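> The file below is entry_28.txt, compact mmCIF, N, CA and C atoms:
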# COMPACT_ATOMS: atom_id res chain seq x y z
N MET H 1402 117.79 190.95 131.65
CA MET H 1402 117.53 191.12 133.07
C MET H 1402 117.76 189.80 133.77
N LYS H 1403 118.43 189.85 134.91
CA LYS H 1403 118.67 188.65 135.69
C LYS H 1403 118.41 188.96 137.15
N LEU H 1404 117.60 188.13 137.78
CA LEU H 1404 117.34 188.31 139.21
C LEU H 1404 118.53 187.80 140.01
N THR H 1405 118.72 188.35 141.18
CA THR H 1405 119.82 187.93 142.04
C THR H 1405 119.56 186.54 142.61
N SER H 1406 120.63 185.89 143.05
CA SER H 1406 120.46 184.59 143.70
C SER H 1406 119.65 184.75 144.98
N PHE H 1407 119.73 185.91 145.63
CA PHE H 1407 118.94 186.14 146.83
C PHE H 1407 117.45 186.00 146.53
N THR H 1408 117.00 186.59 145.44
CA THR H 1408 115.60 186.48 145.04
C THR H 1408 115.26 185.06 144.63
N ASP H 1409 116.12 184.45 143.84
CA ASP H 1409 115.92 183.06 143.40
C ASP H 1409 115.77 182.15 144.62
N TYR H 1410 116.70 182.23 145.56
CA TYR H 1410 116.66 181.38 146.75
C TYR H 1410 115.47 181.71 147.63
N SER H 1411 115.08 182.97 147.69
CA SER H 1411 113.90 183.36 148.47
C SER H 1411 112.65 182.71 147.90
N LEU H 1412 112.54 182.72 146.58
CA LEU H 1412 111.39 182.08 145.94
C LEU H 1412 111.38 180.58 146.19
N ARG H 1413 112.52 179.93 146.04
CA ARG H 1413 112.60 178.49 146.28
C ARG H 1413 112.24 178.15 147.72
N LEU H 1414 112.80 178.93 148.65
CA LEU H 1414 112.53 178.69 150.06
C LEU H 1414 111.05 178.84 150.37
N LEU H 1415 110.43 179.90 149.89
CA LEU H 1415 109.01 180.11 150.15
C LEU H 1415 108.15 179.03 149.49
N MET H 1416 108.54 178.58 148.31
CA MET H 1416 107.81 177.50 147.66
C MET H 1416 107.88 176.23 148.52
N TYR H 1417 109.07 175.94 149.02
CA TYR H 1417 109.25 174.75 149.84
C TYR H 1417 108.43 174.84 151.13
N VAL H 1418 108.46 176.00 151.76
CA VAL H 1418 107.70 176.19 153.00
C VAL H 1418 106.20 176.08 152.72
N ALA H 1419 105.74 176.62 151.61
CA ALA H 1419 104.31 176.55 151.26
C ALA H 1419 103.86 175.11 151.07
N VAL H 1420 104.70 174.32 150.43
CA VAL H 1420 104.36 172.90 150.20
C VAL H 1420 104.36 172.12 151.51
N ASN H 1421 105.18 172.54 152.46
CA ASN H 1421 105.28 171.88 153.76
C ASN H 1421 104.63 172.73 154.86
N ASN H 1422 103.47 173.28 154.55
CA ASN H 1422 102.82 174.24 155.45
C ASN H 1422 102.22 173.62 156.70
N ASP H 1423 102.29 172.31 156.84
CA ASP H 1423 101.73 171.64 158.00
C ASP H 1423 102.72 171.49 159.15
N ARG H 1424 103.94 172.04 158.98
CA ARG H 1424 104.96 171.88 160.01
C ARG H 1424 106.00 172.99 159.87
N LEU H 1425 106.86 173.08 160.88
CA LEU H 1425 107.98 174.01 160.80
C LEU H 1425 109.06 173.42 159.89
N VAL H 1426 109.69 174.26 159.14
CA VAL H 1426 110.77 173.87 158.23
C VAL H 1426 112.07 174.43 158.81
N SER H 1427 113.17 173.72 158.61
CA SER H 1427 114.46 174.18 159.13
C SER H 1427 115.38 174.64 158.00
N ILE H 1428 116.34 175.45 158.38
CA ILE H 1428 117.35 175.90 157.43
C ILE H 1428 118.14 174.70 156.91
N ARG H 1429 118.48 173.78 157.79
CA ARG H 1429 119.23 172.58 157.39
C ARG H 1429 118.48 171.82 156.29
N GLU H 1430 117.19 171.69 156.49
CA GLU H 1430 116.36 170.97 155.53
C GLU H 1430 116.38 171.64 154.15
N VAL H 1431 116.17 172.94 154.11
CA VAL H 1431 116.15 173.67 152.84
C VAL H 1431 117.53 173.62 152.20
N SER H 1432 118.56 173.72 153.03
CA SER H 1432 119.93 173.64 152.54
C SER H 1432 120.19 172.31 151.85
N GLU H 1433 119.72 171.22 152.44
CA GLU H 1433 119.92 169.90 151.85
C GLU H 1433 119.12 169.71 150.57
N VAL H 1434 117.90 170.19 150.56
CA VAL H 1434 117.04 170.00 149.39
C VAL H 1434 117.58 170.77 148.18
N PHE H 1435 118.02 172.02 148.39
CA PHE H 1435 118.42 172.87 147.28
C PHE H 1435 119.93 173.04 147.15
N ASP H 1436 120.68 172.44 148.04
CA ASP H 1436 122.14 172.56 148.04
C ASP H 1436 122.56 174.03 148.06
N ILE H 1437 122.00 174.75 149.03
CA ILE H 1437 122.29 176.16 149.24
C ILE H 1437 122.96 176.29 150.60
N SER H 1438 123.95 177.15 150.69
CA SER H 1438 124.67 177.38 151.94
C SER H 1438 123.71 177.76 153.07
N ARG H 1439 123.94 177.15 154.25
CA ARG H 1439 123.11 177.47 155.43
C ARG H 1439 123.27 178.93 155.83
N ASN H 1440 124.49 179.45 155.73
CA ASN H 1440 124.71 180.85 156.09
C ASN H 1440 123.90 181.78 155.20
N HIS H 1441 123.87 181.47 153.90
CA HIS H 1441 123.10 182.29 152.97
C HIS H 1441 121.61 182.19 153.31
N LEU H 1442 121.15 180.99 153.61
CA LEU H 1442 119.74 180.79 153.94
C LEU H 1442 119.36 181.51 155.24
N MET H 1443 120.28 181.56 156.20
CA MET H 1443 119.98 182.28 157.44
C MET H 1443 119.69 183.76 157.15
N LYS H 1444 120.46 184.35 156.26
CA LYS H 1444 120.23 185.74 155.88
C LYS H 1444 118.87 185.90 155.19
N ILE H 1445 118.56 184.96 154.33
CA ILE H 1445 117.29 185.01 153.59
C ILE H 1445 116.11 184.86 154.55
N VAL H 1446 116.19 183.89 155.45
CA VAL H 1446 115.11 183.68 156.42
C VAL H 1446 114.94 184.92 157.29
N HIS H 1447 116.04 185.51 157.70
CA HIS H 1447 115.98 186.72 158.52
C HIS H 1447 115.26 187.84 157.75
N GLU H 1448 115.65 188.08 156.50
CA GLU H 1448 115.03 189.13 155.70
C GLU H 1448 113.55 188.86 155.44
N LEU H 1449 113.23 187.60 155.12
CA LEU H 1449 111.84 187.26 154.84
C LEU H 1449 110.99 187.36 156.11
N GLY H 1450 111.61 187.11 157.26
CA GLY H 1450 110.92 187.31 158.53
C GLY H 1450 110.65 188.79 158.77
N LYS H 1451 111.66 189.63 158.54
CA LYS H 1451 111.50 191.08 158.69
C LYS H 1451 110.42 191.61 157.74
N GLY H 1452 110.32 191.01 156.57
CA GLY H 1452 109.37 191.47 155.57
C GLY H 1452 107.96 190.93 155.75
N GLY H 1453 107.76 190.09 156.77
CA GLY H 1453 106.43 189.55 157.03
C GLY H 1453 106.05 188.36 156.17
N TYR H 1454 107.05 187.75 155.54
CA TYR H 1454 106.77 186.57 154.71
C TYR H 1454 106.89 185.27 155.52
N LEU H 1455 107.78 185.27 156.51
CA LEU H 1455 107.99 184.09 157.34
C LEU H 1455 107.79 184.42 158.81
N GLU H 1456 107.33 183.43 159.54
CA GLU H 1456 107.26 183.49 160.99
C GLU H 1456 108.33 182.53 161.48
N THR H 1457 109.23 182.99 162.33
CA THR H 1457 110.30 182.13 162.81
C THR H 1457 110.04 181.74 164.26
N VAL H 1458 110.45 180.51 164.57
CA VAL H 1458 110.31 179.97 165.93
C VAL H 1458 111.69 179.55 166.38
N ARG H 1459 112.17 180.14 167.46
CA ARG H 1459 113.50 179.83 167.97
C ARG H 1459 113.46 178.59 168.85
N GLY H 1460 114.65 178.05 169.07
CA GLY H 1460 114.76 176.93 170.00
C GLY H 1460 115.15 175.64 169.32
N LYS H 1461 115.32 174.61 170.15
CA LYS H 1461 115.78 173.30 169.67
C LYS H 1461 114.89 172.74 168.56
N ASN H 1462 113.62 172.84 168.73
CA ASN H 1462 112.68 172.33 167.72
C ASN H 1462 112.10 173.46 166.88
N GLY H 1463 112.85 174.54 166.76
CA GLY H 1463 112.38 175.71 166.02
C GLY H 1463 112.46 175.52 164.52
N GLY H 1464 112.13 176.56 163.84
CA GLY H 1464 112.13 176.56 162.38
C GLY H 1464 111.35 177.76 161.90
N PHE H 1465 110.73 177.63 160.76
CA PHE H 1465 109.94 178.72 160.23
C PHE H 1465 108.80 178.19 159.40
N ARG H 1466 107.80 179.06 159.24
CA ARG H 1466 106.60 178.76 158.45
C ARG H 1466 106.16 180.06 157.79
N LEU H 1467 105.23 179.95 156.88
CA LEU H 1467 104.69 181.16 156.26
C LEU H 1467 104.01 182.02 157.30
N ALA H 1468 104.20 183.31 157.22
CA ALA H 1468 103.58 184.24 158.15
C ALA H 1468 102.14 184.57 157.73
N ARG H 1469 101.83 184.26 156.49
CA ARG H 1469 100.46 184.45 156.00
C ARG H 1469 100.17 183.38 154.94
N ALA H 1470 98.94 183.29 154.54
CA ALA H 1470 98.55 182.27 153.58
C ALA H 1470 99.30 182.45 152.26
N ALA H 1471 99.61 181.34 151.60
CA ALA H 1471 100.34 181.38 150.33
C ALA H 1471 99.61 182.23 149.30
N ARG H 1472 98.29 182.22 149.33
CA ARG H 1472 97.52 183.02 148.36
C ARG H 1472 97.69 184.52 148.59
N ASP H 1473 98.17 184.90 149.79
CA ASP H 1473 98.36 186.30 150.13
C ASP H 1473 99.79 186.79 149.91
N ILE H 1474 100.65 185.92 149.37
CA ILE H 1474 102.03 186.30 149.08
C ILE H 1474 102.15 186.50 147.57
N ASN H 1475 102.19 187.75 147.18
CA ASN H 1475 102.25 188.12 145.76
C ASN H 1475 103.68 188.02 145.26
N ILE H 1476 103.86 187.39 144.11
CA ILE H 1476 105.20 187.18 143.56
C ILE H 1476 105.85 188.50 143.17
N GLY H 1477 105.12 189.41 142.58
CA GLY H 1477 105.67 190.71 142.20
C GLY H 1477 106.16 191.48 143.42
N ASP H 1478 105.35 191.49 144.48
CA ASP H 1478 105.75 192.18 145.71
C ASP H 1478 107.01 191.56 146.29
N LEU H 1479 107.08 190.23 146.26
CA LEU H 1479 108.25 189.54 146.80
C LEU H 1479 109.52 189.90 146.01
N VAL H 1480 109.42 189.90 144.70
CA VAL H 1480 110.59 190.24 143.88
C VAL H 1480 111.00 191.69 144.13
N ARG H 1481 110.05 192.59 144.23
CA ARG H 1481 110.39 193.98 144.55
C ARG H 1481 111.09 194.07 145.91
N TYR H 1482 110.63 193.28 146.87
CA TYR H 1482 111.21 193.30 148.22
C TYR H 1482 112.64 192.74 148.24
N THR H 1483 112.89 191.70 147.48
CA THR H 1483 114.18 191.02 147.55
C THR H 1483 115.23 191.59 146.61
N GLU H 1484 114.82 192.28 145.56
CA GLU H 1484 115.77 192.86 144.62
C GLU H 1484 116.18 194.26 145.08
N GLU H 1485 117.46 194.48 145.23
CA GLU H 1485 117.94 195.79 145.66
C GLU H 1485 118.00 196.78 144.51
N ASP H 1486 118.22 196.31 143.30
CA ASP H 1486 118.44 197.20 142.18
C ASP H 1486 117.65 196.74 140.97
N LEU H 1487 116.64 197.49 140.63
CA LEU H 1487 115.83 197.17 139.45
C LEU H 1487 116.13 198.10 138.29
N CYS H 1488 117.29 198.73 138.33
CA CYS H 1488 117.72 199.60 137.24
C CYS H 1488 118.26 198.73 136.09
N LEU H 1489 117.45 198.58 135.07
CA LEU H 1489 117.87 197.76 133.94
C LEU H 1489 119.03 198.38 133.18
N VAL H 1490 119.02 199.68 133.10
CA VAL H 1490 120.08 200.42 132.42
C VAL H 1490 120.49 201.60 133.29
N GLU H 1491 121.65 202.12 133.03
CA GLU H 1491 122.23 203.20 133.84
C GLU H 1491 121.29 204.38 134.03
N CYS H 1492 120.57 204.74 133.00
CA CYS H 1492 119.74 205.95 133.07
C CYS H 1492 118.53 205.80 133.99
N PHE H 1493 118.21 204.57 134.44
CA PHE H 1493 117.13 204.39 135.40
C PHE H 1493 117.50 205.01 136.75
N ASP H 1494 118.78 205.12 137.01
CA ASP H 1494 119.27 205.69 138.26
C ASP H 1494 119.65 207.14 137.99
N SER H 1495 118.68 208.04 138.08
CA SER H 1495 118.90 209.44 137.68
C SER H 1495 119.99 210.13 138.50
N GLU H 1496 120.21 209.69 139.74
CA GLU H 1496 121.24 210.33 140.57
C GLU H 1496 122.66 209.94 140.16
N ASN H 1497 122.84 208.74 139.63
CA ASN H 1497 124.19 208.25 139.33
C ASN H 1497 124.45 208.01 137.84
N SER H 1498 123.51 208.38 137.01
CA SER H 1498 123.67 208.14 135.58
C SER H 1498 124.66 209.12 134.96
N CYS H 1499 125.52 208.57 134.11
CA CYS H 1499 126.47 209.40 133.37
C CYS H 1499 126.18 209.38 131.88
N CYS H 1500 125.05 208.81 131.51
CA CYS H 1500 124.71 208.69 130.10
C CYS H 1500 124.46 210.07 129.49
N LYS H 1501 125.10 210.32 128.38
CA LYS H 1501 125.04 211.62 127.73
C LYS H 1501 123.75 211.83 126.92
N ILE H 1502 123.05 210.75 126.59
CA ILE H 1502 121.88 210.90 125.72
C ILE H 1502 120.55 210.70 126.46
N THR H 1503 120.58 210.66 127.77
CA THR H 1503 119.36 210.39 128.57
C THR H 1503 118.21 211.31 128.18
N GLU H 1504 118.48 212.57 128.01
CA GLU H 1504 117.42 213.57 127.74
C GLU H 1504 116.66 213.30 126.44
N CYS H 1505 117.33 212.74 125.44
CA CYS H 1505 116.68 212.54 124.14
C CYS H 1505 116.46 211.06 123.80
N CYS H 1506 116.88 210.19 124.66
CA CYS H 1506 116.82 208.75 124.36
C CYS H 1506 115.41 208.19 124.55
N LEU H 1507 114.93 207.49 123.55
CA LEU H 1507 113.62 206.86 123.62
C LEU H 1507 113.70 205.43 124.17
N LEU H 1508 114.89 204.89 124.24
CA LEU H 1508 115.08 203.53 124.73
C LEU H 1508 114.69 203.40 126.20
N THR H 1509 114.93 204.43 126.98
CA THR H 1509 114.59 204.40 128.40
C THR H 1509 113.12 204.09 128.60
N ALA H 1510 112.27 204.75 127.84
CA ALA H 1510 110.83 204.54 127.97
C ALA H 1510 110.45 203.11 127.61
N ILE H 1511 111.12 202.54 126.63
CA ILE H 1511 110.84 201.16 126.23
C ILE H 1511 111.24 200.19 127.35
N PHE H 1512 112.42 200.43 127.94
CA PHE H 1512 112.84 199.58 129.06
C PHE H 1512 111.92 199.73 130.26
N GLN H 1513 111.45 200.94 130.52
CA GLN H 1513 110.51 201.14 131.62
C GLN H 1513 109.20 200.41 131.36
N LEU H 1514 108.74 200.43 130.13
CA LEU H 1514 107.54 199.70 129.74
C LEU H 1514 107.75 198.20 129.91
N ALA H 1515 108.91 197.71 129.48
CA ALA H 1515 109.21 196.28 129.61
C ALA H 1515 109.25 195.86 131.08
N LEU H 1516 109.88 196.65 131.93
CA LEU H 1516 109.94 196.34 133.35
C LEU H 1516 108.54 196.36 133.96
N GLY H 1517 107.74 197.32 133.55
CA GLY H 1517 106.35 197.38 134.02
C GLY H 1517 105.57 196.15 133.61
N SER H 1518 105.77 195.69 132.37
CA SER H 1518 105.10 194.48 131.89
C SER H 1518 105.55 193.25 132.67
N PHE H 1519 106.84 193.18 132.96
CA PHE H 1519 107.40 192.09 133.75
C PHE H 1519 106.68 192.02 135.10
N PHE H 1520 106.55 193.16 135.77
CA PHE H 1520 105.88 193.16 137.07
C PHE H 1520 104.38 192.98 136.95
N ASP H 1521 103.77 193.41 135.86
CA ASP H 1521 102.35 193.14 135.66
C ASP H 1521 102.08 191.64 135.68
N VAL H 1522 102.96 190.88 135.03
CA VAL H 1522 102.80 189.42 135.00
C VAL H 1522 103.01 188.85 136.40
N LEU H 1523 104.10 189.24 137.05
CA LEU H 1523 104.39 188.72 138.40
C LEU H 1523 103.29 189.11 139.39
N ASP H 1524 102.77 190.32 139.27
CA ASP H 1524 101.71 190.79 140.17
C ASP H 1524 100.43 189.97 140.03
N GLY H 1525 100.27 189.29 138.92
CA GLY H 1525 99.08 188.47 138.69
C GLY H 1525 99.17 187.08 139.29
N HIS H 1526 100.25 186.80 140.03
CA HIS H 1526 100.45 185.46 140.59
C HIS H 1526 100.85 185.53 142.05
N ASN H 1527 100.46 184.48 142.77
CA ASN H 1527 100.83 184.40 144.18
C ASN H 1527 101.51 183.06 144.45
N LEU H 1528 101.98 182.90 145.67
CA LEU H 1528 102.72 181.69 146.04
C LEU H 1528 101.86 180.44 145.89
N GLU H 1529 100.59 180.55 146.17
CA GLU H 1529 99.70 179.40 146.01
C GLU H 1529 99.63 178.95 144.55
N ASP H 1530 99.59 179.91 143.62
CA ASP H 1530 99.54 179.59 142.19
C ASP H 1530 100.72 178.75 141.75
N ILE H 1531 101.91 179.05 142.28
CA ILE H 1531 103.12 178.39 141.79
C ILE H 1531 103.51 177.15 142.58
N THR H 1532 102.71 176.80 143.60
CA THR H 1532 103.03 175.60 144.38
C THR H 1532 101.91 174.57 144.37
N GLU H 1533 100.84 174.87 143.71
CA GLU H 1533 99.69 173.96 143.67
C GLU H 1533 100.10 172.59 143.11
N GLY H 1534 99.86 171.56 143.89
CA GLY H 1534 100.17 170.20 143.47
C GLY H 1534 101.65 169.85 143.49
N MET H 1535 102.48 170.72 144.01
CA MET H 1535 103.93 170.50 144.01
C MET H 1535 104.36 169.64 145.20
N SER H 1536 105.41 168.84 144.97
CA SER H 1536 106.02 168.05 146.04
C SER H 1536 107.53 168.11 145.86
N PHE H 1537 108.23 168.15 146.98
CA PHE H 1537 109.68 168.17 146.93
C PHE H 1537 110.28 166.84 147.36
N ALA H 1538 109.45 165.83 147.63
CA ALA H 1538 109.94 164.55 148.15
C ALA H 1538 111.03 163.95 147.27
N GLN H 1539 110.89 164.08 145.97
CA GLN H 1539 111.88 163.48 145.06
C GLN H 1539 113.24 164.17 145.13
N PHE H 1540 113.31 165.34 145.76
CA PHE H 1540 114.57 166.07 145.85
C PHE H 1540 115.31 165.81 147.17
N LEU H 1541 114.68 165.10 148.09
CA LEU H 1541 115.30 164.84 149.38
C LEU H 1541 116.45 163.85 149.24
N PRO H 1542 117.54 164.07 149.98
CA PRO H 1542 118.63 163.09 149.97
C PRO H 1542 118.11 161.74 150.44
N GLU H 1543 118.72 160.65 149.95
CA GLU H 1543 118.23 159.30 150.24
C GLU H 1543 118.04 158.99 151.71
N LYS H 1544 119.01 159.31 152.54
CA LYS H 1544 118.93 158.98 153.96
C LYS H 1544 118.60 160.22 154.77
N SER H 1545 117.72 161.02 154.28
CA SER H 1545 117.38 162.27 154.94
C SER H 1545 116.51 162.05 156.15
N PRO H 1546 116.80 162.75 157.26
CA PRO H 1546 115.92 162.70 158.44
C PRO H 1546 114.66 163.54 158.24
N ILE H 1547 114.54 164.18 157.11
CA ILE H 1547 113.41 165.04 156.83
C ILE H 1547 112.23 164.18 156.41
N PRO H 1548 111.06 164.37 157.03
CA PRO H 1548 109.91 163.56 156.66
C PRO H 1548 109.46 163.81 155.23
N ALA H 1549 109.32 162.76 154.45
CA ALA H 1549 108.82 162.89 153.07
C ALA H 1549 107.32 162.76 153.09
N LYS H 1550 106.63 163.68 152.44
CA LYS H 1550 105.18 163.61 152.35
C LYS H 1550 104.78 162.56 151.34
N LYS H 1551 103.79 161.83 151.63
CA LYS H 1551 103.28 160.82 150.70
C LYS H 1551 102.20 161.39 149.84
For this file, produce the structure as structure tokens.


Amino acid sequence: MKLTSFTDYSLRLLMYVAVNNDRLVSIREVSEVFDISRNHLMKIVHELGKGGYLETVRGKNGGFRLARAARDINIGDLVRYTEEDLCLVECFDSENSCCKITECCLLTAIFQLALGSFFDVLDGHNLEDITEGMSFAQFLPEKSPIPAKK
């Protein structure tokens, strides 16, 4: 199983915003820290805003911040929100599956159990858990206009 880059970047972005929760964060800033395309980040910020994860502020001095406390952002819920397809194998998609052995296959149940266990672990953690004590200052470009936290 591999998560999409959209989910990966969403997690990184939210982690960065949580660590910098005392101010608005910009797309340019996140782009520089993680070397991610600004266009891609704009799509991610838009989706996370629609999903209630980010609050966006427009304008010259705009940016974004968490829409709720980091402890209230569940990692399992976020992954479910950002992943479009959680079908580990073809037979998970009953409408489009062409597998000939679906009716008698016991592997499907094992994969469903594994996916359930995966989400059980993620559901037990929130954004606060994974950002506690974290700092991104060491990742900032040398001459960055972005304020480094001490």

> Within 6.5 Å of stretch 1458-1467 of chain H, counting all atoms listed in the file, which residues show up once you throw out same-chain ones fewer than 4 positions away? Write them as a list in words, please.

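Result of the neighbour search: Val1418, Ala1419, Asn1422, Arg1424, Leu1425, Val1426, Ser1427, Ile1428 and Tyr1454 of chain H.
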
> What is the distance between atom CA of H:Ile1531 and atom CA of H:Ala1471, in Å to one decimal?

9.5 Å

> Give the answer as one residue: which of H:Asn1527, H:Asn1475, H:Ser1432, H:Ser1411 has the shortest atom-to-atom distance to H:Val1446, using only N, CA and C atoms?

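Using only N, CA and C atoms, the shortest distance to H:Val1446 belongs to H:Ser1411.
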
> Hey, which of H:Ile1437, H:Glu1430, H:Asp1409, H:Asp1478 ends up closest to H:Asp1524? Count all atoms listed in the file.

H:Asp1478

> Could you give me the residues within chain H that DSSP places in strand (DSSP E), as a short mmCIF file (atom, residue, chain, number, x, y, z; two decimals) with N, CA and C atoms, in the frame of the given file?


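Produced file states-v2.cif, reproduced below:
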data_model
loop_
_atom_site.label_atom_id
_atom_site.label_comp_id
_atom_site.auth_asym_id
_atom_site.auth_seq_id
_atom_site.Cartn_x
_atom_site.Cartn_y
_atom_site.Cartn_z
N LEU H 1455 107.78 185.27 156.51
CA LEU H 1455 107.99 184.09 157.34
C LEU H 1455 107.79 184.42 158.81
N GLU H 1456 107.33 183.43 159.54
CA GLU H 1456 107.26 183.49 160.99
C GLU H 1456 108.33 182.53 161.48
N THR H 1457 109.23 182.99 162.33
CA THR H 1457 110.30 182.13 162.81
C THR H 1457 110.04 181.74 164.26
N VAL H 1458 110.45 180.51 164.57
CA VAL H 1458 110.31 179.97 165.93
C VAL H 1458 111.69 179.55 166.38
N GLY H 1464 112.13 176.56 163.84
CA GLY H 1464 112.13 176.56 162.38
C GLY H 1464 111.35 177.76 161.90
N PHE H 1465 110.73 177.63 160.76
CA PHE H 1465 109.94 178.72 160.23
C PHE H 1465 108.80 178.19 159.40
N ARG H 1466 107.80 179.06 159.24
CA ARG H 1466 106.60 178.76 158.45
C ARG H 1466 106.16 180.06 157.79
N LEU H 1467 105.23 179.95 156.88
CA LEU H 1467 104.69 181.16 156.26
C LEU H 1467 104.01 182.02 157.30
#

> Write out as a PyMOL selection string the set of residues from chain H that DSSP, computed on the backbone, places in helix (DSSP H, G or I).

chain H and resi 1406-1420+1428-1435+1439-1451+1471-1473+1476-1483+1491-1493+1508-1524+1528-1532+1538-1540

> With distances taken over all atoms listed in the file, which of H:Glu1484, H:Ala1470, H:Val1431, H:Met1402 is nearest to H:Leu1414?

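Ranking H:Glu1484, H:Ala1470, H:Val1431, H:Met1402 by distance to H:Leu1414, first place goes to H:Val1431.
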
> For H:Glu1485, find every residue with an atom within 8 Å (counting all atoms listed in the file), except residues of its own chain fewer than 4 positions away, and show them as a list in words.

Thr1405, Thr1408, Val1480 and Arg1481 of chain H

> Please, could you write that set of residues out with N, CA and C atoms as an mmCIF file, in the frame of the given file?


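The resulting out_33.cif:
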data_model
loop_
_atom_site.group_PDB
_atom_site.id
_atom_site.type_symbol
_atom_site.label_atom_id
_atom_site.label_comp_id
_atom_site.auth_asym_id
_atom_site.auth_seq_id
_atom_site.Cartn_x
_atom_site.Cartn_y
_atom_site.Cartn_z
ATOM 1 N N THR H 1405 118.720 188.350 141.180
ATOM 2 C CA THR H 1405 119.820 187.930 142.040
ATOM 3 C C THR H 1405 119.560 186.540 142.610
ATOM 4 N N THR H 1408 117.000 186.590 145.440
ATOM 5 C CA THR H 1408 115.600 186.480 145.040
ATOM 6 C C THR H 1408 115.260 185.060 144.630
ATOM 7 N N VAL H 1480 109.420 189.900 144.700
ATOM 8 C CA VAL H 1480 110.590 190.240 143.880
ATOM 9 C C VAL H 1480 111.000 191.690 144.130
ATOM 10 N N ARG H 1481 110.050 192.590 144.230
ATOM 11 C CA ARG H 1481 110.390 193.980 144.550
ATOM 12 C C ARG H 1481 111.090 194.070 145.910
#

> Nearest residue to H:Ala1468 out of H:Tyr1482, H:Ser1518, H:Ser1438, H:Leu1449, using only N, CA and C atoms?

H:Leu1449

> To one decimal place, how far is atom CA of H:Glu1533 from atom N of H:Gly1477 in Å?

16.4 Å

> Considering only N, CA and C atoms, can you say which of H:Asp1423, H:Tyr1410, H:Leu1404, H:Ser1536 comes closest to H:Ile1445?

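So, comparing all the options, the nearest one is H:Tyr1410.
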
> Here is a test: counting only N, CA and C atoms, which residue of H:Phe1520, H:Phe1407, H:Ala1515, H:Met1416 is nearest to H:Thr1483?

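Of H:Phe1520, H:Phe1407, H:Ala1515, H:Met1416, the one nearest H:Thr1483, counting only N, CA and C atoms, is H:Phe1407.
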
> Can you work out the spacing between atom CA of H:Arg1469 and atom CA of H:Glu1456 in Å, to one decimal?

8.5 Å
